[in-house]
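Next comes coords38.cif, with mmCIF, C-alpha atoms.
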```cif
data_my_file
loop_
_atom_site.label_atom_id
_atom_site.label_comp_id
_atom_site.auth_asym_id
_atom_site.auth_seq_id
_atom_site.Cartn_x
_atom_site.Cartn_y
_atom_site.Cartn_z
CA MET E 6 -16.08 -17.22 -2.97
CA THR E 7 -16.43 -13.91 -1.13
CA ASN E 8 -15.06 -10.79 -2.77
CA PHE E 9 -13.15 -9.62 0.31
CA LEU E 10 -11.02 -10.95 3.13
CA VAL E 11 -9.90 -9.89 6.60
CA ARG E 12 -6.56 -10.92 8.08
CA ARG E 13 -6.15 -10.60 11.86
CA ALA E 14 -2.66 -9.88 13.15
CA ALA E 15 -3.32 -12.20 16.08
CA ASP E 16 -4.08 -15.07 13.69
CA ALA E 17 -1.11 -14.50 11.38
CA PRO E 18 0.65 -17.81 10.66
CA GLU E 19 4.27 -18.22 11.65
CA VAL E 20 6.39 -18.25 8.51
CA ALA E 21 9.89 -19.69 8.64
CA TYR E 22 12.89 -17.75 7.40
CA ASP E 23 14.50 -19.17 4.28
CA PRO E 24 18.19 -20.22 4.40
CA ARG E 25 19.24 -16.67 3.45
CA GLY E 26 17.36 -14.94 6.27
CA PHE E 27 14.24 -13.76 4.44
CA ARG E 28 10.56 -14.49 4.96
CA ARG E 29 7.31 -13.14 3.58
CA ARG E 30 3.79 -13.50 4.96
CA SER E 31 1.18 -13.26 2.24
CA VAL E 32 -1.83 -11.10 3.08
CA VAL E 33 -3.61 -11.51 -0.25
CA GLY E 34 -2.67 -13.30 -3.44
CA GLU E 35 -3.80 -15.48 -6.29
CA ALA E 36 -5.11 -18.21 -3.97
CA ASP E 37 -7.53 -15.70 -2.41
CA GLY E 38 -9.17 -14.85 -5.72
CA SER E 39 -7.17 -11.70 -6.36
CA VAL E 40 -6.35 -10.87 -9.98
CA HIS E 41 -4.57 -7.52 -9.63
CA THR E 42 -3.11 -7.54 -6.12
CA GLY E 43 -0.40 -9.39 -4.30
CA PHE E 44 0.27 -7.91 -0.86
CA GLY E 45 2.58 -9.17 1.83
CA ILE E 46 4.75 -8.32 4.83
CA CYS E 47 8.44 -9.06 4.37
CA GLU E 48 11.18 -9.51 6.97
CA LEU E 49 14.94 -9.68 6.46
CA ARG E 50 17.47 -10.44 9.17
CA PRO E 51 20.44 -8.08 9.57
CA ASP E 52 22.72 -10.62 7.88
CA GLY E 53 20.06 -11.73 5.37
CA VAL E 54 19.97 -11.28 1.61
CA VAL E 55 17.50 -11.60 -1.24
CA GLY E 56 19.46 -12.28 -4.42
CA ALA E 57 19.11 -10.23 -7.59
CA HIS E 58 15.92 -10.93 -9.52
CA VAL E 59 13.30 -9.40 -11.79
CA HIS E 60 9.49 -9.56 -11.83
CA SER E 61 6.95 -9.39 -14.63
CA TYR E 62 4.85 -7.21 -12.32
CA GLU E 63 5.18 -3.83 -10.64
CA GLU E 64 6.28 -3.74 -7.01
CA THR E 65 5.82 -0.93 -4.51
CA PHE E 66 7.13 -1.08 -0.97
CA HIS E 67 6.90 0.77 2.35
CA VAL E 68 9.39 0.20 5.19
CA LEU E 69 7.58 -0.45 8.48
CA SER E 70 10.58 -0.79 10.81
CA GLY E 71 14.29 -1.47 10.84
CA THR E 72 16.78 -0.82 8.07
CA VAL E 73 17.44 -2.57 4.76
CA VAL E 74 19.59 -1.96 1.69
CA LEU E 75 18.07 -2.05 -1.78
CA ASP E 76 20.42 -2.66 -4.70
CA VAL E 77 19.29 -1.59 -8.19
CA PRO E 78 21.30 -0.93 -11.35
CA GLU E 79 21.53 2.80 -10.57
CA GLY E 80 22.95 2.35 -7.06
CA SER E 81 22.47 1.02 -3.53
CA TYR E 82 20.10 2.73 -1.10
CA LEU E 83 19.79 2.58 2.68
CA LEU E 84 16.10 2.49 3.55
CA ASP E 85 14.68 3.26 7.00
CA GLU E 86 11.23 3.33 8.56
CA GLY E 87 8.92 5.52 6.49
CA ASP E 88 10.82 5.17 3.23
CA TYR E 89 8.88 3.85 0.26
CA GLY E 90 9.37 3.37 -3.42
CA LEU E 91 8.59 1.81 -6.76
CA LEU E 92 10.29 -1.07 -8.59
CA SER E 93 9.00 -1.04 -12.15
CA THR E 94 8.38 -4.22 -14.11
CA GLY E 95 11.63 -5.84 -15.21
CA VAL E 96 13.98 -3.79 -12.98
CA PRO E 97 16.75 -5.98 -11.48
CA HIS E 98 16.97 -5.56 -7.71
CA ALA E 99 18.24 -7.23 -4.56
CA TRP E 100 17.80 -6.71 -0.81
CA ARG E 101 20.38 -6.80 1.98
CA GLY E 102 19.92 -6.68 5.73
CA ALA E 103 21.39 -3.79 7.69
CA GLY E 104 21.47 -2.44 11.23
CA ASP E 105 20.95 -4.50 14.37
CA THR E 106 17.31 -5.54 13.98
CA VAL E 107 15.08 -7.27 11.46
CA GLY E 108 13.99 -5.03 8.60
CA ARG E 109 10.24 -5.15 7.90
CA TRP E 110 8.42 -3.80 4.86
CA THR E 111 5.20 -4.25 2.92
CA ASP E 112 5.19 -5.17 -0.73
CA MET E 113 2.41 -4.53 -3.20
CA LEU E 114 2.62 -6.57 -6.41
CA ALA E 115 0.48 -5.72 -9.45
CA PRO E 116 -0.78 -7.69 -11.24
CA VAL E 117 -0.86 -10.70 -8.93
CA PRO E 118 2.07 -13.16 -9.24
CA ARG E 119 0.97 -16.51 -10.70
CA ALA E 120 2.11 -19.79 -9.15
CA ARG E 121 1.91 -21.63 -12.49
CA TYR E 122 4.50 -19.26 -13.95
CA GLY E 123 6.99 -19.45 -11.12
CA TYR E 124 5.35 -16.48 -9.41
CA ASP E 125 6.52 -14.38 -12.36
CA THR E 126 10.01 -14.00 -10.87
CA ARG E 127 13.38 -14.82 -12.40
CA ALA E 128 16.87 -14.75 -10.88
CA VAL E 129 19.43 -12.58 -12.68
CA PRO E 130 23.19 -12.01 -12.28
CA ALA E 131 24.26 -10.38 -9.03
CA LEU E 132 24.25 -6.60 -8.78
CA PRO E 133 27.24 -4.63 -7.46
CA GLU E 134 27.05 -4.08 -3.70
CA ARG E 135 28.03 -0.43 -3.56
CA ARG E 136 28.20 1.70 -0.46
CA PRO E 137 24.54 2.49 0.27
CA VAL E 138 23.33 6.06 0.40
CA ARG E 139 20.15 7.43 1.90
CA ILE E 140 17.46 8.48 -0.50
CA ASP E 141 16.91 12.14 -1.30
CA VAL E 142 13.45 12.62 -2.76
CA ARG E 143 14.43 16.03 -4.14
CA ASP E 144 17.21 14.44 -6.18
CA PRO E 145 15.92 13.44 -9.66
CA ARG E 146 18.22 10.40 -9.57
CA THR E 147 16.11 8.91 -6.75
CA ARG E 148 12.77 9.93 -8.22
CA SER E 149 11.34 6.44 -7.67
CA PHE E 150 11.49 6.81 -3.87
CA GLY E 151 9.82 8.84 -1.16
CA HIS E 152 9.56 9.24 2.59
CA PHE E 153 6.55 9.38 4.89
CA GLU E 154 6.22 10.90 8.37
CA PRO E 155 3.00 10.73 10.44
CA ASP E 156 3.04 14.54 10.76
CA LEU E 157 2.35 14.69 7.04
CA MET E 158 -1.24 13.68 7.86
CA ASP E 159 -1.85 16.74 10.06
CA PRO E 160 -3.02 19.75 8.00
CA GLY E 161 -2.05 22.04 10.87
CA LYS E 162 1.56 20.94 10.78
CA GLN E 163 2.23 21.27 7.08
CA SER E 164 5.42 23.15 6.22
CA GLN E 165 7.78 23.51 3.31
CA ASP E 166 10.20 21.17 5.06
CA LEU E 167 7.56 18.48 5.39
CA LEU E 168 6.28 18.99 1.87
CA ALA E 169 9.83 18.58 0.60
CA VAL E 170 9.75 14.88 1.50
CA SER E 171 6.94 14.33 -1.00
CA ALA E 172 8.14 12.58 -4.11
CA SER E 173 5.14 13.48 -6.29
CA MET E 174 3.52 16.84 -7.02
CA ARG E 175 0.18 15.22 -6.27
CA THR E 176 1.20 14.24 -2.75
CA ALA E 177 -0.17 17.45 -1.28
CA LEU E 178 -2.58 16.48 1.48
CA LEU E 179 -6.20 15.90 0.46
CA VAL E 180 -8.62 16.72 3.29
CA TYR E 181 -12.37 16.08 3.33
CA SER E 182 -15.11 14.96 5.79
CA GLY E 183 -12.71 14.07 8.59
CA ILE E 184 -10.45 12.12 6.20
CA THR E 185 -6.94 13.02 5.08
CA VAL E 186 -5.16 11.24 2.23
CA LYS E 187 -1.45 11.39 1.43
CA MET E 188 -0.48 9.94 -1.95
CA MET E 189 2.83 8.07 -1.98
CA VAL E 190 3.16 6.02 -5.18
CA ASP E 191 1.18 7.07 -8.24
CA GLY E 192 1.57 7.82 -11.94
CA ASP E 193 3.74 10.84 -11.16
CA LEU E 194 6.22 8.53 -9.45
CA GLY E 195 6.21 6.24 -12.48
CA ALA E 196 3.69 3.59 -11.44
CA VAL E 197 1.43 2.22 -14.16
CA ALA E 198 -0.40 -0.67 -12.46
CA SER E 199 -1.05 0.47 -8.89
CA THR E 200 -1.16 3.27 -6.33
CA MET E 201 -0.14 3.39 -2.67
CA PHE E 202 -1.10 6.05 -0.16
CA MET E 203 -1.73 6.76 3.52
CA VAL E 204 -5.23 7.40 4.88
CA GLN E 205 -6.14 8.92 8.25
CA TYR E 206 -9.59 9.37 9.79
CA ALA E 207 -10.29 11.94 12.51
CA PRO E 208 -12.45 10.73 15.44
CA ASP E 209 -15.56 11.69 13.44
CA GLY E 210 -14.19 10.49 10.12
CA MET E 211 -16.16 8.09 7.96
CA ALA E 212 -16.54 6.98 4.35
CA GLY E 213 -19.97 5.80 3.23
CA THR E 214 -20.40 2.48 1.46
CA HIS E 215 -19.13 2.41 -2.10
CA ASP E 216 -17.50 0.13 -4.65
CA HIS E 217 -15.19 0.54 -7.62
CA PRO E 218 -13.67 -1.39 -10.56
CA PHE E 219 -10.33 -2.08 -8.87
CA GLU E 220 -8.98 -3.96 -5.84
CA GLU E 221 -7.86 -2.36 -2.58
CA THR E 222 -5.81 -3.52 0.39
CA TYR E 223 -5.62 -1.94 3.84
CA LEU E 224 -3.01 -2.40 6.60
CA ILE E 225 -3.98 -0.70 9.87
CA LEU E 226 -1.07 1.18 11.44
CA GLU E 227 -2.77 3.23 14.17
CA GLY E 228 -6.15 3.24 15.94
CA THR E 229 -9.31 1.22 15.37
CA VAL E 230 -11.76 1.27 12.47
CA ASP E 231 -15.15 -0.33 11.86
CA ALA E 232 -15.21 -1.66 8.31
CA VAL E 233 -18.10 -3.14 6.36
CA PHE E 234 -17.51 -5.41 3.37
CA ASP E 235 -20.56 -6.57 1.39
CA GLY E 236 -22.75 -6.17 4.48
CA GLU E 237 -20.37 -7.87 6.95
CA CYS E 238 -19.03 -5.70 9.78
CA HIS E 239 -15.47 -6.07 11.06
CA ARG E 240 -13.50 -4.10 13.67
CA LEU E 241 -9.88 -3.74 12.62
CA GLY E 242 -6.95 -2.76 14.83
CA VAL E 243 -3.21 -2.23 14.50
CA GLY E 244 -1.60 -4.94 12.40
CA ASP E 245 -4.88 -6.18 10.93
CA ALA E 246 -5.28 -6.15 7.16
CA ALA E 247 -8.13 -6.45 4.67
CA TRP E 248 -8.69 -6.71 0.94
CA ALA E 249 -11.72 -5.62 -1.10
CA GLY E 250 -12.09 -7.01 -4.61
CA ALA E 251 -13.55 -5.11 -7.55
CA GLY E 252 -17.26 -4.57 -6.93
CA CYS E 253 -17.12 -5.23 -3.17
CA VAL E 254 -19.32 -2.65 -1.41
CA HIS E 255 -17.36 -1.32 1.56
CA GLY E 256 -17.18 1.61 3.97
CA PHE E 257 -15.27 2.76 7.07
CA THR E 258 -15.94 4.55 10.36
CA ASN E 259 -13.38 5.53 12.99
CA ALA E 260 -14.19 3.38 16.03
CA GLY E 261 -11.89 5.11 18.52
CA ARG E 262 -11.37 8.47 20.18
CA GLY E 263 -8.14 9.24 18.39
CA PRO E 264 -7.11 9.08 14.74
CA VAL E 265 -7.04 5.84 12.77
CA ARG E 266 -4.42 5.52 10.05
CA TRP E 267 -3.74 2.84 7.47
CA LEU E 268 -1.66 2.10 4.40
CA GLU E 269 -3.86 1.59 1.35
CA THR E 270 -3.14 0.26 -2.13
CA GLN E 271 -5.16 0.10 -5.34
CA ALA E 272 -4.70 -2.06 -8.43
CA PRO E 273 -5.16 -1.43 -11.24
CA GLN E 274 -4.89 2.35 -11.08
CA PRO E 275 -8.32 4.01 -10.86
CA PRO E 276 -9.74 5.47 -14.07
CA PRO E 277 -9.77 9.30 -14.21
CA ARG E 278 -13.58 9.48 -14.01
CA HIS E 279 -16.35 7.45 -12.39
CA SER E 280 -13.90 5.59 -10.16
CA TYR E 281 -16.25 5.37 -7.16
CA ARG E 282 -19.89 4.30 -7.02
CA PHE E 283 -21.34 5.54 -3.72
CA THR E 284 -24.43 3.80 -2.39
CA ARG E 285 -25.87 7.10 -1.11
CA ASP E 286 -25.91 8.67 -4.57
CA TRP E 287 -27.95 5.87 -6.11
CA ASP E 288 -30.25 5.73 -3.08
CA TYR E 289 -30.85 9.45 -3.58
CA LEU E 290 -31.77 8.86 -7.22
CA ARG E 291 -34.13 6.02 -6.31
CA GLU E 292 -35.89 8.15 -3.68
CA ALA E 293 -36.15 11.10 -6.07
CA LEU E 294 -37.75 8.93 -8.73
CA GLU E 295 -40.19 7.41 -6.24
CA GLU E 296 -41.34 10.87 -5.14
CA LYS E 297 -42.31 11.71 -8.73
CA GLN E 298 -44.51 8.63 -9.14
#
```
Represent the structure from my file as structure tokens, please.
Amino acid sequence: MTNFLVRRAADAPEVAYDPRGFRRRSVVGEADGSVHTGFGICELRPDGVVGAHVHSYEETFHVLSGTVVLDVPEGSYLLDEGDYGLLSTGVPHAWRGAGDTVGRWTDMLAPVPRARYGYDTRAVPALPERRPVRIDVRDPRTRSFGHFEPDLMDPGKQSQDLLAVSASMRTALLVYSGITVKMMVDGDLGAVASTMFMVQYAPDGMAGTHDHPFEETYLILEGTVDAVFDGECHRLGVGDAAWAGAGCVHGFTNAGRGPVRWLETQAPQPPPRHSYRFTRDWDYLREALEEKQ
């Protein structure tokens, strides 16, 4: 079995809505060989509901379009495009449709749900359906949520107002070699099993081939990128997704004239040191040793 996969948006299977107006398309899961990562795209009709339940895994989410309501014990929250958050292991929660269109969001589940254990999900008593409020990432009571705007990826447009929508102190923009990274869900937000962040490559942006001891997923949201996974080259566009397992050697190059941006997740969380093993560094060592012979 290969240690990576590529999912084309054009080839995505049609998934039927369940009787309560919800459907989920799996991008990667247990059947694909993943141990740490479940990743999918969820849709909920305006009159749809997902009843209260708990997981024995951590769930992070990012709203792609539309509006949904999330009920948790602390309250009910109205989530719009760009909102994201963390549902820790064992937290009861439920989803409700809202607005006039289908609500769409990604979910990242870590570790991977297991079919033989009922996908590690259990129904629980219904939660109160309170009047939903919008999240305020500066309010400590909603510290498990955040909000993303594309302008957050532009170093030239950073401002105190934009920085205020960051839910973690470590979400200040990281910029290097034509790449910008905006952390969204991390240990500061309370996650223990995964991270979620946004990545953007300038027209000359690239990341050399490397591997690491954790799994990653990628959902392309803007532009086109050339990706290599264990020597296989793939061009990915908007709506395409990919997964790289632990040890998969992979790299990326912007294939367009404008920026390319994608949502990226990691599970488990990277260790504090020696997280990445870049091919170029070990090639350099090999060449240096050969010169001394």
### Task
Could you tell me which residues the PyMOL selection byres ((chain E and resi 136-145) around 9) grabs in this file, written as a list in words?
Val74, Leu75, Asp76, Gly80, Ser81, Tyr82, Leu83, Leu84, Asp85, Asp88, Glu134, Arg135, Arg146, Thr147, Arg148, Ser149, Phe150, Gly151, His152, Ala169, Val170, Ser171 and Ala172 of chain E
### Query
For Asp245 of chain E, which of E:Arg13, E:Leu268, E:Val20, E:Arg28 is the closest residue, counting only C-alpha atoms?
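Closest to Asp245 of chain E of all the choices is E:Arg13.
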Kindly provide the residues of segment 105-157 of chain E that approach segment 201-225 of chain E to within 12 Å, each paired with its closest atom pair and their distance in Å to one decimal, based on all atoms listed in the file, listed by chain and increasing number, as a Markdown table.
```
| residue | atom | partner | partner_atom | distance |
| --- | --- | --- | --- | --- |
| E:Trp110 | CA | E:Leu224 | CA | 11.6 |
| E:Thr111 | CA | E:Leu224 | CA | 9.2 |
| E:Asp112 | CA | E:Met201 | CA | 10.3 |
| E:Met113 | CA | E:Met201 | CA | 8.3 |
| E:Leu114 | CA | E:Met201 | CA | 11.0 |
| E:Ala115 | CA | E:Glu220 | CA | 10.3 |
| E:Pro116 | CA | E:Glu220 | CA | 10.5 |
| E:Val117 | CA | E:Glu220 | CA | 11.0 |
| E:Gly151 | CA | E:Phe202 | CA | 11.3 |
| E:His152 | CA | E:Phe202 | CA | 11.5 |
| E:Phe153 | CA | E:Met203 | CA | 8.8 |
| E:Glu154 | CA | E:Met203 | CA | 10.2 |
| E:Pro155 | CA | E:Met203 | CA | 9.3 |
| E:Asp156 | CA | E:Gln205 | CA | 11.1 |
| E:Leu157 | CA | E:Met203 | CA | 9.6 |
```
### Task
List the residues sitting within 6 Å of (10.3, -8.9, 4.8) in the file's frame, using all atoms listed in the file, as a PyMOL selection string.
chain E and resi 28-29+46-49+109-110
### Query
Quick one: distance from atom CA of Thr258 of chain E to atom CA of Gly38 of chain E in Å, one decimal?
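Answer for the atom CA of Thr258 of chain E to atom CA of Gly38 of chain E separation: 26.1 Å.
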### Task
Report as a list in words the residues that result from applying the PyMOL selection byres ((chain E and resi 227) around 6) to the structure here.
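Output of the PyMOL selection byres ((chain E and resi 227) around 6): Ile225, Leu226, Gly228, Val243, Val265 and Arg266 of chain E.
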### Query
In Å, how far is it from atom CA of Gly242 of chain E to atom CA of Thr229 of chain E?
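The value is 4.7 Å.
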### Summary
Using only C-alpha atoms, the residue out of E:Gly263, E:Gly250, E:Gly90, E:Pro18 with shortest distance to Val68 of chain E is E:Gly90
### Message
One decimal, in Å: what's the spacing between atom CA of Phe44 of chain E and atom CA of Val190 of chain E?
### Response
14.9 Å
Taking every listed atom of segment 220-226 of chain E and adding 3 Å to each side, what centre and edge lengths in Å (one decimal) does the axis-aligned box have, as AutoDock Vina command-line options?
```
--center_x -5.0 --center_y -1.4 --center_z 2.8 --size_x 13.9 --size_y 11.1 --size_z 23.3
```
#### Entry: Ground truth for the PyMOL selection byres ((chain E and resi 132) around 7), written as a ChimeraX atom specification
/E:57,76,78,130-131,133-134
### Query
With all atoms listed in the file as the atoms that count, which of E:Pro160, E:Gly104, E:Pro273, E:Gly236 lies nearest to Ser70 of chain E?
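Checking each of E:Pro160, E:Gly104, E:Pro273, E:Gly236 against Ser70 of chain E, counting all atoms listed in the file, the winner is E:Gly104.
Shortest atom-to-atom contact with Glu237 of chain E among E:Phe66, E:Tyr124, E:Tyr89, E:Phe9: E:Phe9, counting only C-alpha atoms.
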## Note on the structure
In terms of only C-alpha atoms, the residue from E:Ser199, E:Thr185, E:Ser39, E:Thr284 at minimal distance from Trp267 of chain E is E:Thr185
### Task
Considering all atoms listed in the file, state which residue in the set E:Asp288, E:Asp37, E:Asp105, E:Glu296 is at the smallest distance from Asn8 of chain E.
E:Asp37
### Message
Within 10 Å of (13.5, -4.6, -6.6) (file coordinates; all atoms listed in the file), which protein or nucleic acid residues are there? I'd like them as a PyMOL selection string.
### Response
chain E and resi 55-60+63-66+75-78+90-100
